[in-house]
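Notes to accompany the following structure.
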Amino acid sequence: MAKSFFCSPSQRLSFKFREVSVELLTDFLVNLDIRNKDHLSSLPKCNGEFKEKRLMEHIFLITQELRLDPLAGYHAIELLQRFMVKYLTGLFSTPTPEGAAADQPESHEEAVLDKIKDRFPLIVFSCVQLASKLSLQSHMIDNSTAVRFLHSVGLSVSKQTLLESELTVLKGLEFGLDAANPLTYVEVLLEVLGHNEPSVPVERLHFLCHHVLQFVSLQKTAIYDSLLVTTTRCVSPSREHREKFVTVTEDCMLLGVGVIGVATFIHYISKWEQLEN
């Protein structure tokens with residue numbers, strides 16, 4: 001598998017802007033805003049636990065190796081987060097089996113984690129495969145390709161096992177796969193920007209936004225920790241501060257605006273430097 005984990009945005013250079021009607025664009029934006037607010041108002045306690053840097057790198061690498069639309073990678077991350085929260089919540093709420101030692105309160109939790117540990121790599125891949133089937137910009141991963149790929153990375157699974165894993169994820173998500181992801185917010189906001197300001201080079205910004213968003217996603221902990229310290233003016237923010245700050249770290253609309261802002265700065269900085277000289 002390639003060492004570079006940055007997915008090439010060239011697969012989405014065919015993405016065309018300024019072709020959506022004002023009415024449809026307004027509906028898109030309003031819908032995303034509502035979904036973002038609903039998401040922020042019902043965040044689970046362990047939200048974000050499955051967006052750890054190495055795990056996201058792993059998913060980005062899979063999408064790159066299989067030549068998938070980068071959007072599929074971000075979608076897979078959201079599906080994995082939602083599924084694992086629901087799946088683990090269900091497993092942990094299951095009564096401790098009879099005969100378990102009363103003096104070992106962690107035994108049940110350890111048993112649950114051991115149960116899912118070996119299945120986790122396949123669950124991750126199933127989320128990527130499901131996301132690929134929802135992408136309109138790239139091919140979907142068929143089971144033959146999936147089995148060959150998994151074999152190439154050391155996972156020997158049959159097509160039947162692959163189907164069972166995919167069905168487990170589908171059932172866990174109650175067949176609800178329409179999860180909004182950060183790249184969707186970025187692209188809709190760019191479309192709005194291009195409509196409101198026709199002179200803005202949204203196609204170039206779209207290219208830059210892919211790199212900025214991926215960098216921010218992988219360095220999320222460091223970036224948001226720095227922002228939290230700056231906001232609270234406290235080197236060691238309290239647990240209460242961190243819990244309240246989750247609504248900032250999980251705000252896709254805010255992230256989308258920030259990513260576009262950084263991409264715009266990168267695009268224009270060379271021209272500003274020329275003016276200064």
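Residues in the structure tokens are numbered from 1 in each chain, the chains being A, B, ... in the order shown, and ligands are numbered from 1 in the order shown.
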
Name the residues in contact with A:Leu80 at a cut-off of 8 Å, using only C-alpha atoms, excluding same-chain residues fewer than 6 positions from it; report them as a count of residues only. 4

When DSSP works through the backbone of this structure, what residues of stretch 29-237 of chain A end up as alpha helix (DSSP H), shown as JSON, numbers by chain? {"A": [29, 30, 31, 32, 33, 34, 35, 36, 37, 38, 39, 40, 41, 53, 54, 55, 56, 57, 58, 59, 60, 61, 62, 63, 64, 65, 70, 71, 72, 73, 74, 75, 76, 77, 78, 79, 80, 81, 82, 83, 84, 85, 86, 87, 88, 89, 90, 91, 92, 107, 108, 109, 110, 111, 112, 113, 114, 115, 116, 117, 120, 121, 122, 123, 124, 125, 126, 127, 128, 129, 130, 131, 132, 133, 134, 143, 144, 145, 146, 147, 148, 149, 150, 151, 152, 159, 160, 161, 162, 163, 164, 165, 166, 167, 168, 169, 170, 171, 172, 182, 183, 184, 185, 186, 187, 188, 189, 190, 191, 192, 193, 194, 195, 196, 202, 203, 204, 205, 206, 207, 208, 209, 210, 211, 212, 213, 214, 215, 216, 217, 218, 220, 221, 222, 223, 224, 225, 226, 227, 228, 229, 230, 231, 232]}

With distances taken over only C-alpha atoms, which of A:Arg148, A:His206, A:Lys86, A:Arg119 is nearest to A:Leu170?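 Once distances to A:Leu170 are computed over only C-alpha atoms, the minimum belongs to A:Lys86.
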
Which residues come within 12 Å of A:Phe265, counting only C-alpha atoms, excluding same-chain residues fewer than 6 positions away, as a list in words?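 The residues that qualify are Leu205, Leu208, Cys209, Val212, Gly258, Val259, Lys271, Trp272 and Glu273 of chain A.
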
Contacts of A:His241 within 10 Å, only C-alpha atoms, excl. fewer than 3 positions in-chain, as a PDB file with all heavy atoms, in the first residue's frame:
```pdb
ATOM      1  N   LEU A 228      -8.877  25.386  21.901  1.00  0.00           N
ATOM      2  CA  LEU A 228      -9.508  25.349  23.224  1.00  0.00           C
ATOM      3  C   LEU A 228      -8.688  26.136  24.238  1.00  0.00           C
ATOM      4  O   LEU A 228      -9.237  26.896  25.039  1.00  0.00           O
ATOM      5  CB  LEU A 228      -9.659  23.899  23.684  1.00  0.00           C
ATOM      6  CG  LEU A 228     -10.223  23.675  25.090  1.00  0.00           C
ATOM      7  CD1 LEU A 228     -11.614  24.303  25.220  1.00  0.00           C
ATOM      8  CD2 LEU A 228     -10.279  22.186  25.409  1.00  0.00           C
ATOM      9  N   VAL A 229      -7.378  25.957  24.196  1.00  0.00           N
ATOM     10  CA  VAL A 229      -6.492  26.684  25.119  1.00  0.00           C
ATOM     11  C   VAL A 229      -6.604  28.185  24.876  1.00  0.00           C
ATOM     12  O   VAL A 229      -6.679  28.983  25.815  1.00  0.00           O
ATOM     13  CB  VAL A 229      -5.028  26.220  24.940  1.00  0.00           C
ATOM     14  CG1 VAL A 229      -4.075  27.158  25.694  1.00  0.00           C
ATOM     15  CG2 VAL A 229      -4.854  24.796  25.445  1.00  0.00           C
ATOM     16  N   THR A 231      -9.151  29.775  23.516  1.00  0.00           N
ATOM     17  CA  THR A 231     -10.505  30.237  23.872  1.00  0.00           C
ATOM     18  C   THR A 231     -10.693  30.365  25.382  1.00  0.00           C
ATOM     19  O   THR A 231     -11.273  31.347  25.862  1.00  0.00           O
ATOM     20  CB  THR A 231     -11.559  29.252  23.318  1.00  0.00           C
ATOM     21  OG1 THR A 231     -11.398  29.126  21.905  1.00  0.00           O
ATOM     22  CG2 THR A 231     -12.966  29.745  23.626  1.00  0.00           C
ATOM     23  N   THR A 232     -10.219  29.389  26.127  1.00  0.00           N
ATOM     24  CA  THR A 232     -10.406  29.381  27.587  1.00  0.00           C
ATOM     25  C   THR A 232      -9.320  30.156  28.320  1.00  0.00           C
ATOM     26  O   THR A 232      -9.460  30.427  29.507  1.00  0.00           O
ATOM     27  CB  THR A 232     -10.420  27.944  28.125  1.00  0.00           C
ATOM     28  OG1 THR A 232      -9.175  27.298  27.812  1.00  0.00           O
ATOM     29  CG2 THR A 232     -11.562  27.156  27.506  1.00  0.00           C
ATOM     30  N   CYS A 234      -6.583  29.022  29.189  1.00  0.00           N
ATOM     31  CA  CYS A 234      -6.135  28.107  30.239  1.00  0.00           C
ATOM     32  C   CYS A 234      -5.273  27.023  29.598  1.00  0.00           C
ATOM     33  O   CYS A 234      -5.709  26.361  28.659  1.00  0.00           O
ATOM     34  CB  CYS A 234      -7.342  27.485  30.949  1.00  0.00           C
ATOM     35  SG  CYS A 234      -6.903  26.331  32.255  1.00  0.00           S
ATOM     36  N   SER A 236      -4.347  24.222  30.820  1.00  0.00           N
ATOM     37  CA  SER A 236      -4.918  22.894  31.087  1.00  0.00           C
ATOM     38  C   SER A 236      -6.429  23.031  31.298  1.00  0.00           C
ATOM     39  O   SER A 236      -6.901  23.102  32.444  1.00  0.00           O
ATOM     40  CB  SER A 236      -4.260  22.259  32.317  1.00  0.00           C
ATOM     41  OG  SER A 236      -2.875  22.116  32.121  1.00  0.00           O
ATOM     42  N   PRO A 237      -7.195  23.077  30.217  1.00  0.00           N
ATOM     43  CA  PRO A 237      -8.658  23.225  30.325  1.00  0.00           C
ATOM     44  C   PRO A 237      -9.280  22.107  31.157  1.00  0.00           C
ATOM     45  O   PRO A 237      -8.823  20.959  31.113  1.00  0.00           O
ATOM     46  CB  PRO A 237      -9.125  23.164  28.868  1.00  0.00           C
ATOM     47  CG  PRO A 237      -7.936  23.581  28.074  1.00  0.00           C
ATOM     48  CD  PRO A 237      -6.763  23.016  28.807  1.00  0.00           C
ATOM     49  N   SER A 238     -10.317  22.447  31.896  1.00  0.00           N
ATOM     50  CA  SER A 238     -10.987  21.473  32.745  1.00  0.00           C
ATOM     51  C   SER A 238     -11.802  20.489  31.901  1.00  0.00           C
ATOM     52  O   SER A 238     -12.037  20.709  30.716  1.00  0.00           O
ATOM     53  CB  SER A 238     -11.917  22.178  33.725  1.00  0.00           C
ATOM     54  OG  SER A 238     -12.974  22.834  33.026  1.00  0.00           O
ATOM     55  N   LYS A 244     -17.908  20.810  26.890  1.00  0.00           N
ATOM     56  CA  LYS A 244     -18.668  21.857  26.202  1.00  0.00           C
ATOM     57  C   LYS A 244     -18.086  22.142  24.820  1.00  0.00           C
ATOM     58  O   LYS A 244     -18.808  22.508  23.886  1.00  0.00           O
ATOM     59  CB  LYS A 244     -18.677  23.138  27.033  1.00  0.00           C
ATOM     60  CG  LYS A 244     -19.513  23.054  28.305  1.00  0.00           C
ATOM     61  CD  LYS A 244     -19.502  24.379  29.045  1.00  0.00           C
ATOM     62  CE  LYS A 244     -20.384  24.310  30.292  1.00  0.00           C
ATOM     63  NZ  LYS A 244     -20.373  25.612  31.024  1.00  0.00           N
ATOM     64  N   PHE A 245     -16.768  21.956  24.699  1.00  0.00           N
ATOM     65  CA  PHE A 245     -16.083  22.276  23.446  1.00  0.00           C
ATOM     66  C   PHE A 245     -16.350  21.253  22.343  1.00  0.00           C
ATOM     67  O   PHE A 245     -16.040  21.498  21.182  1.00  0.00           O
ATOM     68  CB  PHE A 245     -14.569  22.375  23.710  1.00  0.00           C
ATOM     69  CG  PHE A 245     -13.819  23.150  22.662  1.00  0.00           C
ATOM     70  CD1 PHE A 245     -14.028  24.509  22.496  1.00  0.00           C
ATOM     71  CD2 PHE A 245     -12.901  22.512  21.832  1.00  0.00           C
ATOM     72  CE1 PHE A 245     -13.338  25.228  21.530  1.00  0.00           C
ATOM     73  CE2 PHE A 245     -12.210  23.217  20.855  1.00  0.00           C
ATOM     74  CZ  PHE A 245     -12.421  24.579  20.706  1.00  0.00           C
ATOM     75  N   VAL A 246     -16.934  20.125  22.698  1.00  0.00           N
ATOM     76  CA  VAL A 246     -17.235  19.081  21.711  1.00  0.00           C
ATOM     77  C   VAL A 246     -18.158  19.618  20.618  1.00  0.00           C
ATOM     78  O   VAL A 246     -18.065  19.221  19.458  1.00  0.00           O
ATOM     79  CB  VAL A 246     -17.870  17.850  22.394  1.00  0.00           C
ATOM     80  CG1 VAL A 246     -18.355  16.847  21.352  1.00  0.00           C
ATOM     81  CG2 VAL A 246     -16.847  17.168  23.300  1.00  0.00           C
TER      82      VAL A 246
END
```

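Comparing A:Lys133, A:His267, A:Lys51, A:Arg242 by their smallest distance to A:Glu203, the closest is A:His267 (using only C-alpha atoms).
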
Calculated over only C-alpha atoms, which of the candidates A:Ile260, A:Leu190, A:Ser217, A:Glu243 has the smallest distance to A:Phe17?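 Selected residue with least distance to A:Phe17: A:Leu190.
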